[in-house]
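A.B. asks: Okay, here's the structure, questions in a sec.
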There are 2 protein chains.
Amino acid sequence: MGTIARTPLSDEVYRQVLQRIQRGDLPAGRRVKDVDLAAQLGVSRTPVREALLRLSRDGALENSVGRGFRVRPLDPGELRETGAILGALEALALRLSPEPTPERVERLVALDQSLEHTRGDAARCLDLEDEWHRVLLEACPNRRLLDLITSLRQVTRRYLAAYMRDAGRLSLSTLPHVRILQAFRDAGRDSAATAFEQQWRRGVAELEAWVRKAPDGGSAS
Amino acid sequence: MGTIARTPLSDEVYRQVLQRIQRGDLPAGRRVKDVDLAAQLGVSRTPVREALLRLSRDGALENSVGRGFRVRPLDPGELRETGAILGALEALALRLSPEPTPERVERLVALDQSLEHTRGDAARCLDLEDEWHRVLLEACPNRRLLDLITSLRQVTRRYLAAYMRDAGRLSLSTLPHVRILQAFRDAGRDSAATAFEQQWRRGVAELEAWVRKAPDGGSAS
DNA sequence: CCGGCTAATACTGTATACAGAATACCGCAC
DNA sequence: GTGCGGTATTCTGTATACAGTATTAGCCGG
């Protein structure tokens, strides 16, 4: 029978805050006060603090002792560093995966088509992009690696979101996909992995150039 | 003038608990009760819980909702998975580093000699081993990568510690070093990085074989 | 009109209190 | 003696309370 899933409040708070950050609702640099969030979400400070601490470790927030939490500013360096790590890890995951089934390739193509048709909605695009990567790597047996990739992707997601809000461009997303898929079909995982790393480097360069121009993506009062 | 460093209590608790786990003081599978720890350390439950949550995310503990925290059991699979990630990341860090100065190579050799002379003390050996890796990679400009490596190394450290307690052997530690150093001097970073990955794979295989025999390293009442 | 000092406020970090769930203990039936 | 049911206790997750520090606002002197 279906066991009812009990989930800690801090998990929900975590998701909520992360979403607000990624949507630009909480702009970079903004101070995040646990008491405010607690009031808004209708819970106490304790689970809020737990969520904020976790977000700090994940790189979405920063916290100096006694000075509380604030949204980590967008920083070209951070993007480059995370991108380098992520490129290596996703390539590794691909190399560890079994050869792809036609069915999976099919799904990837389908996702790309969805992406083509969703030019407008930034959040939806990012979801599809995440899903694409998830499907590409889901056969990788190294579970811990996949978890790590997921949490690192949230960092880059912030940059992509800010970029898309500002520039309205998606070129980064779909183009690399076809090339990787091509390598995938032609020469197998290994060359796809290489393509992966190269595409990461290129995408990061483009994003980085943009961040350098507009260091605080999406501001509010 | 020297600013006094204020550090949260949870940081100290984190270190304390991690040490107890690595020293085998808290054996794998043991339940960790925040109220006990709080009493022992003379602080309240709040910072203790913060530390335990962080340890859970770092992989030293596990926690199911409502059932509290317990020391994560040693699992060959986890070691293999973490080892694969760590091999790739340390290799990446090496590739991103500038060519090593003779002075650094000197220091690495010195550390290896210290290791030779410290056959007895397991904890000291692990510290030296950590230090060796730190020195090897310290020139890597990707700070985030280094942080990630550090936190992942704590996972493997648990396995090494249990292994050394049980088997009293250190062969894993020093042998790979000379080979990597050799590659370092002969052919530069890139080939050293490759040697790195290979050595990781070998060391992990040895450890894994051992863990499979004695799945709970070091038990107490 | 502006800069520095002081006081009031707000906020963080930590401690304690409370409610509900999980575990352990005990007695009982078989 | 063993397996089950019920109760009592322990423990977790969350809420609230408290103390000390950072921040802001106001006031005074220049």
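Ligands are numbered from 1 in the order shown, chains are lettered A, B, ... in the order of the structure tokens, and residues start at 1 in each chain.
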Would you write out chain A as an mmCIF file with C-alpha atoms, in the first residue's frame, after superposing it on chain B by least squares over all in-order Cα pairs?

C.D. replies:
data_model
loop_
_atom_site.group_PDB
_atom_site.id
_atom_site.type_symbol
_atom_site.label_atom_id
_atom_site.label_comp_id
_atom_site.auth_asym_id
_atom_site.auth_seq_id
_atom_site.Cartn_x
_atom_site.Cartn_y
_atom_site.Cartn_z
ATOM 1 C CA MET A 1 44.754 44.790 13.091
ATOM 2 C CA GLY A 2 43.690 41.194 13.542
ATOM 3 C CA THR A 3 39.962 40.813 13.439
ATOM 4 C CA ILE A 4 38.738 38.211 15.837
ATOM 5 C CA ALA A 5 37.204 35.323 13.993
ATOM 6 C CA ARG A 6 33.676 34.579 15.087
ATOM 7 C CA THR A 7 32.702 31.082 14.118
ATOM 8 C CA PRO A 8 29.288 29.473 14.516
ATOM 9 C CA LEU A 9 28.974 26.710 17.055
ATOM 10 C CA SER A 10 27.676 24.420 14.359
ATOM 11 C CA ASP A 11 31.059 24.545 12.631
ATOM 12 C CA GLU A 12 32.815 23.263 15.687
ATOM 13 C CA VAL A 13 30.162 20.605 16.209
ATOM 14 C CA TYR A 14 30.584 19.598 12.588
ATOM 15 C CA ARG A 15 34.296 19.096 13.023
ATOM 16 C CA GLN A 16 33.877 17.217 16.276
ATOM 17 C CA VAL A 17 31.338 14.778 14.921
ATOM 18 C CA LEU A 18 33.241 14.246 11.700
ATOM 19 C CA GLN A 19 36.342 13.461 13.681
ATOM 20 C CA ARG A 20 34.488 10.970 15.840
ATOM 21 C CA ILE A 21 33.157 9.257 12.775
ATOM 22 C CA GLN A 22 36.522 9.107 11.074
ATOM 23 C CA ARG A 23 38.238 7.838 14.205
ATOM 24 C CA GLY A 24 35.700 5.080 14.374
ATOM 25 C CA ASP A 25 34.496 6.428 17.655
ATOM 26 C CA LEU A 26 31.019 6.482 16.170
ATOM 27 C CA PRO A 27 30.827 3.191 14.282
ATOM 28 C CA ALA A 28 28.926 2.805 11.037
ATOM 29 C CA GLY A 29 25.220 2.358 11.509
ATOM 30 C CA ARG A 30 25.165 3.858 14.969
ATOM 31 C CA ARG A 31 22.333 6.168 15.747
ATOM 32 C CA VAL A 32 23.344 9.746 16.472
ATOM 33 C CA LYS A 33 21.052 11.531 18.887
ATOM 34 C CA ASP A 34 21.243 15.277 18.818
ATOM 35 C CA VAL A 35 20.271 15.624 22.454
ATOM 36 C CA ASP A 36 23.161 13.423 23.560
ATOM 37 C CA LEU A 37 25.670 15.295 21.470
ATOM 38 C CA ALA A 38 24.313 18.601 22.692
ATOM 39 C CA ALA A 39 24.829 17.496 26.271
ATOM 40 C CA GLN A 40 28.319 16.151 25.617
ATOM 41 C CA LEU A 41 29.451 19.268 23.810
ATOM 42 C CA GLY A 42 27.708 21.682 26.124
ATOM 43 C CA VAL A 43 25.611 23.406 23.496
ATOM 44 C CA SER A 44 21.959 23.302 22.592
ATOM 45 C CA ARG A 45 20.279 21.085 20.061
ATOM 46 C CA THR A 46 20.003 23.809 17.445
ATOM 47 C CA PRO A 47 23.633 24.068 16.316
ATOM 48 C CA VAL A 48 23.978 20.316 16.688
ATOM 49 C CA ARG A 49 21.115 19.735 14.316
ATOM 50 C CA GLU A 50 22.586 22.181 11.834
ATOM 51 C CA ALA A 51 25.862 20.284 11.898
ATOM 52 C CA LEU A 52 24.154 16.916 11.539
ATOM 53 C CA LEU A 53 22.115 18.103 8.584
ATOM 54 C CA ARG A 54 25.271 19.266 6.891
ATOM 55 C CA LEU A 55 27.001 15.978 7.625
ATOM 56 C CA SER A 56 24.069 14.206 6.053
ATOM 57 C CA ARG A 57 24.414 16.190 2.878
ATOM 58 C CA ASP A 58 28.128 15.538 2.850
ATOM 59 C CA GLY A 59 27.532 11.815 3.047
ATOM 60 C CA ALA A 60 28.853 11.036 6.499
ATOM 61 C CA LEU A 61 25.413 10.526 8.005
ATOM 62 C CA GLU A 62 22.044 9.513 6.712
ATOM 63 C CA ASN A 63 18.698 10.684 7.988
ATOM 64 C CA SER A 64 15.203 9.482 7.343
ATOM 65 C CA VAL A 65 12.404 11.774 8.405
ATOM 66 C CA GLY A 66 11.211 11.088 11.909
ATOM 67 C CA ARG A 67 13.914 8.529 12.447
ATOM 68 C CA GLY A 68 16.797 10.850 13.075
ATOM 69 C CA PHE A 69 20.425 10.523 12.085
ATOM 70 C CA ARG A 70 22.737 7.555 11.919
ATOM 71 C CA VAL A 71 26.255 7.018 10.717
ATOM 72 C CA ARG A 72 26.092 5.929 7.115
ATOM 73 C CA PRO A 73 27.236 2.338 6.775
ATOM 74 C CA LEU A 74 30.354 1.680 4.741
ATOM 75 C CA ASP A 75 29.217 0.614 1.332
ATOM 76 C CA PRO A 76 31.488 -0.633 -1.462
ATOM 77 C CA GLY A 77 29.219 1.045 -3.988
ATOM 78 C CA GLU A 78 29.539 4.423 -2.388
ATOM 79 C CA LEU A 79 33.293 4.151 -2.334
ATOM 80 C CA ARG A 80 33.427 3.194 -5.981
ATOM 81 C CA GLU A 81 31.098 6.000 -6.982
ATOM 82 C CA THR A 82 32.873 8.661 -4.975
ATOM 83 C CA GLY A 83 36.226 7.376 -6.148
ATOM 84 C CA ALA A 84 35.220 7.713 -9.782
ATOM 85 C CA ILE A 85 34.116 11.291 -9.237
ATOM 86 C CA LEU A 86 37.178 12.188 -7.247
ATOM 87 C CA GLY A 87 39.515 10.691 -9.801
ATOM 88 C CA ALA A 88 37.986 12.807 -12.531
ATOM 89 C CA LEU A 89 37.942 15.968 -10.445
ATOM 90 C CA GLU A 90 41.487 15.714 -9.159
ATOM 91 C CA ALA A 91 42.688 15.014 -12.671
ATOM 92 C CA LEU A 92 40.780 18.044 -13.877
ATOM 93 C CA ALA A 93 42.285 20.170 -11.155
ATOM 94 C CA LEU A 94 45.727 19.035 -12.187
ATOM 95 C CA ARG A 95 45.070 19.863 -15.827
ATOM 96 C CA LEU A 96 43.881 23.323 -14.855
ATOM 97 C CA SER A 97 46.949 23.985 -12.764
ATOM 98 C CA PRO A 98 50.057 25.751 -14.003
ATOM 99 C CA GLU A 99 53.169 23.674 -14.403
ATOM 100 C CA PRO A 100 54.551 22.828 -10.979
ATOM 101 C CA THR A 101 57.439 24.736 -9.525
ATOM 102 C CA PRO A 102 60.429 22.692 -8.364
ATOM 103 C CA GLU A 103 59.721 24.019 -4.913
ATOM 104 C CA ARG A 104 56.328 22.368 -4.867
ATOM 105 C CA VAL A 105 57.654 19.065 -6.115
ATOM 106 C CA GLU A 106 60.190 19.326 -3.350
ATOM 107 C CA ARG A 107 57.459 19.681 -0.775
ATOM 108 C CA LEU A 108 55.609 16.688 -2.148
ATOM 109 C CA VAL A 109 58.692 14.544 -1.878
ATOM 110 C CA ALA A 110 59.215 15.737 1.658
ATOM 111 C CA LEU A 111 55.662 14.820 2.556
ATOM 112 C CA ASP A 112 56.167 11.342 1.159
ATOM 113 C CA GLN A 113 59.217 10.952 3.321
ATOM 114 C CA SER A 114 57.239 11.988 6.364
ATOM 115 C CA LEU A 115 54.671 9.423 5.379
ATOM 116 C CA GLU A 116 57.328 6.734 5.278
ATOM 117 C CA HIS A 117 58.331 7.565 8.824
ATOM 118 C CA THR A 118 54.797 7.562 10.184
ATOM 119 C CA ARG A 119 53.862 3.997 9.564
ATOM 120 C CA GLY A 120 52.251 3.699 12.928
ATOM 121 C CA ASP A 121 49.778 6.467 13.416
ATOM 122 C CA ALA A 122 46.795 6.071 11.139
ATOM 123 C CA ALA A 123 45.251 9.465 11.730
ATOM 124 C CA ARG A 124 48.557 11.183 11.128
ATOM 125 C CA CYS A 125 49.012 9.261 7.897
ATOM 126 C CA LEU A 126 45.653 10.364 6.660
ATOM 127 C CA ASP A 127 46.444 13.953 7.512
ATOM 128 C CA LEU A 128 49.666 13.741 5.559
ATOM 129 C CA GLU A 129 47.880 12.097 2.681
ATOM 130 C CA ASP A 130 45.341 14.930 2.609
ATOM 131 C CA GLU A 131 48.123 17.451 2.812
ATOM 132 C CA TRP A 132 49.889 15.806 -0.103
ATOM 133 C CA HIS A 133 46.874 16.138 -2.311
ATOM 134 C CA ARG A 134 46.310 19.675 -1.142
ATOM 135 C CA VAL A 135 49.830 20.696 -2.062
ATOM 136 C CA LEU A 136 49.642 18.914 -5.394
ATOM 137 C CA LEU A 137 46.544 20.836 -6.373
ATOM 138 C CA GLU A 138 46.897 24.095 -4.496
ATOM 139 C CA ALA A 139 47.922 26.034 -7.579
ATOM 140 C CA CYS A 140 44.694 25.184 -9.339
ATOM 141 C CA PRO A 141 42.856 28.447 -9.891
ATOM 142 C CA ASN A 142 39.409 26.869 -9.677
ATOM 143 C CA ARG A 143 38.601 27.432 -6.067
ATOM 144 C CA ARG A 144 35.195 25.853 -6.198
ATOM 145 C CA LEU A 145 36.718 22.706 -7.633
ATOM 146 C CA LEU A 146 39.160 22.508 -4.756
ATOM 147 C CA ASP A 147 36.375 22.914 -2.223
ATOM 148 C CA LEU A 148 34.402 20.158 -3.847
ATOM 149 C CA ILE A 149 37.418 17.870 -3.868
ATOM 150 C CA THR A 150 38.015 18.549 -0.197
ATOM 151 C CA SER A 151 34.508 17.625 0.782
ATOM 152 C CA LEU A 152 34.539 14.478 -1.344
ATOM 153 C CA ARG A 153 37.858 13.408 0.097
ATOM 154 C CA GLN A 154 36.253 13.284 3.500
ATOM 155 C CA VAL A 155 34.055 10.515 2.235
ATOM 156 C CA THR A 156 36.938 8.380 1.078
ATOM 157 C CA ARG A 157 38.857 9.239 4.195
ATOM 158 C CA ARG A 158 36.356 7.267 6.221
ATOM 159 C CA TYR A 159 37.073 4.195 4.162
ATOM 160 C CA LEU A 160 40.807 4.646 4.312
ATOM 161 C CA ALA A 161 40.643 5.109 8.059
ATOM 162 C CA ALA A 162 38.605 1.972 8.569
ATOM 163 C CA TYR A 163 40.893 0.057 6.258
ATOM 164 C CA MET A 164 44.022 1.127 8.041
ATOM 165 C CA ARG A 165 42.557 0.399 11.435
ATOM 166 C CA ASP A 166 41.635 -3.055 10.296
ATOM 167 C CA ALA A 167 44.487 -4.059 8.041
ATOM 168 C CA GLY A 168 47.286 -1.879 9.325
ATOM 169 C CA ARG A 169 48.455 -1.413 5.778
ATOM 170 C CA LEU A 170 49.362 1.782 4.031
ATOM 171 C CA SER A 171 50.390 0.486 0.647
ATOM 172 C CA LEU A 172 47.607 2.460 -0.919
ATOM 173 C CA SER A 173 48.987 5.774 0.114
ATOM 174 C CA THR A 174 52.619 6.060 -0.788
ATOM 175 C CA LEU A 175 53.010 3.927 -3.862
ATOM 176 C CA PRO A 176 50.686 5.916 -6.090
ATOM 177 C CA HIS A 177 52.423 9.094 -5.074
ATOM 178 C CA VAL A 178 55.790 8.237 -6.528
ATOM 179 C CA ARG A 179 54.264 7.169 -9.775
ATOM 180 C CA ILE A 180 52.272 10.362 -10.100
ATOM 181 C CA LEU A 181 55.259 12.462 -9.205
ATOM 182 C CA GLN A 182 57.284 10.629 -11.801
ATOM 183 C CA ALA A 183 54.712 11.372 -14.498
ATOM 184 C CA PHE A 184 54.608 14.896 -13.237
ATOM 185 C CA ARG A 185 58.296 15.467 -13.763
ATOM 186 C CA ASP A 186 58.666 13.456 -16.936
ATOM 187 C CA ALA A 187 55.706 14.518 -19.009
ATOM 188 C CA GLY A 188 53.973 17.351 -17.202
ATOM 189 C CA ARG A 189 50.574 17.813 -15.732
ATOM 190 C CA ASP A 190 48.579 16.098 -18.365
ATOM 191 C CA SER A 191 50.116 12.694 -18.073
ATOM 192 C CA ALA A 192 50.188 13.082 -14.313
ATOM 193 C CA ALA A 193 46.468 13.613 -14.459
ATOM 194 C CA THR A 194 46.044 10.380 -16.348
ATOM 195 C CA ALA A 195 48.214 8.535 -13.866
ATOM 196 C CA PHE A 196 46.045 10.039 -11.192
ATOM 197 C CA GLU A 197 42.872 8.562 -12.555
ATOM 198 C CA GLN A 198 44.436 5.148 -13.003
ATOM 199 C CA GLN A 199 45.811 5.100 -9.482
ATOM 200 C CA TRP A 200 42.456 6.042 -8.116
ATOM 201 C CA ARG A 201 40.838 3.202 -9.910
ATOM 202 C CA ARG A 202 43.398 0.768 -8.584
ATOM 203 C CA GLY A 203 43.266 2.022 -5.007
ATOM 204 C CA VAL A 204 39.515 1.962 -5.026
ATOM 205 C CA ALA A 205 39.498 -1.606 -6.252
ATOM 206 C CA GLU A 206 41.724 -2.668 -3.382
ATOM 207 C CA LEU A 207 39.693 -0.835 -0.800
ATOM 208 C CA GLU A 208 36.482 -2.090 -2.243
ATOM 209 C CA ALA A 209 37.559 -5.691 -2.044
ATOM 210 C CA TRP A 210 38.336 -5.130 1.596
ATOM 211 C CA VAL A 211 35.103 -3.367 2.429
ATOM 212 C CA ARG A 212 33.181 -6.196 0.882
ATOM 213 C CA LYS A 213 34.702 -8.557 3.410
ATOM 214 C CA ALA A 214 34.221 -6.429 6.506
ATOM 215 C CA PRO A 215 31.321 -4.119 5.800
ATOM 216 C CA ASP A 216 31.308 -2.339 9.152
ATOM 217 C CA GLY A 217 34.734 -1.005 9.769
ATOM 218 C CA GLY A 218 35.516 -0.852 13.444
ATOM 219 C CA SER A 219 32.678 -1.588 15.785
ATOM 220 C CA ALA A 220 31.982 -0.717 19.383
ATOM 221 C CA SER A 221 29.147 -1.529 21.712
#

A.B. asks: Give me, as a PyMOL selection string, the residues of chain C touching chain A, with the criterion being at most 9 Å (counting only C-alpha atoms (C1' of nucleotides)).

C.D. replies: chain C and resi 11-13

A.B. asks: Could you pull the residues within 10 Å of DA25 in chain D, counting only C-alpha atoms (C1' of nucleotides), minus those fewer than 3 positions along the same chain, as a PyMOL selection string?

C.D. replies: chain C and resi 7-9
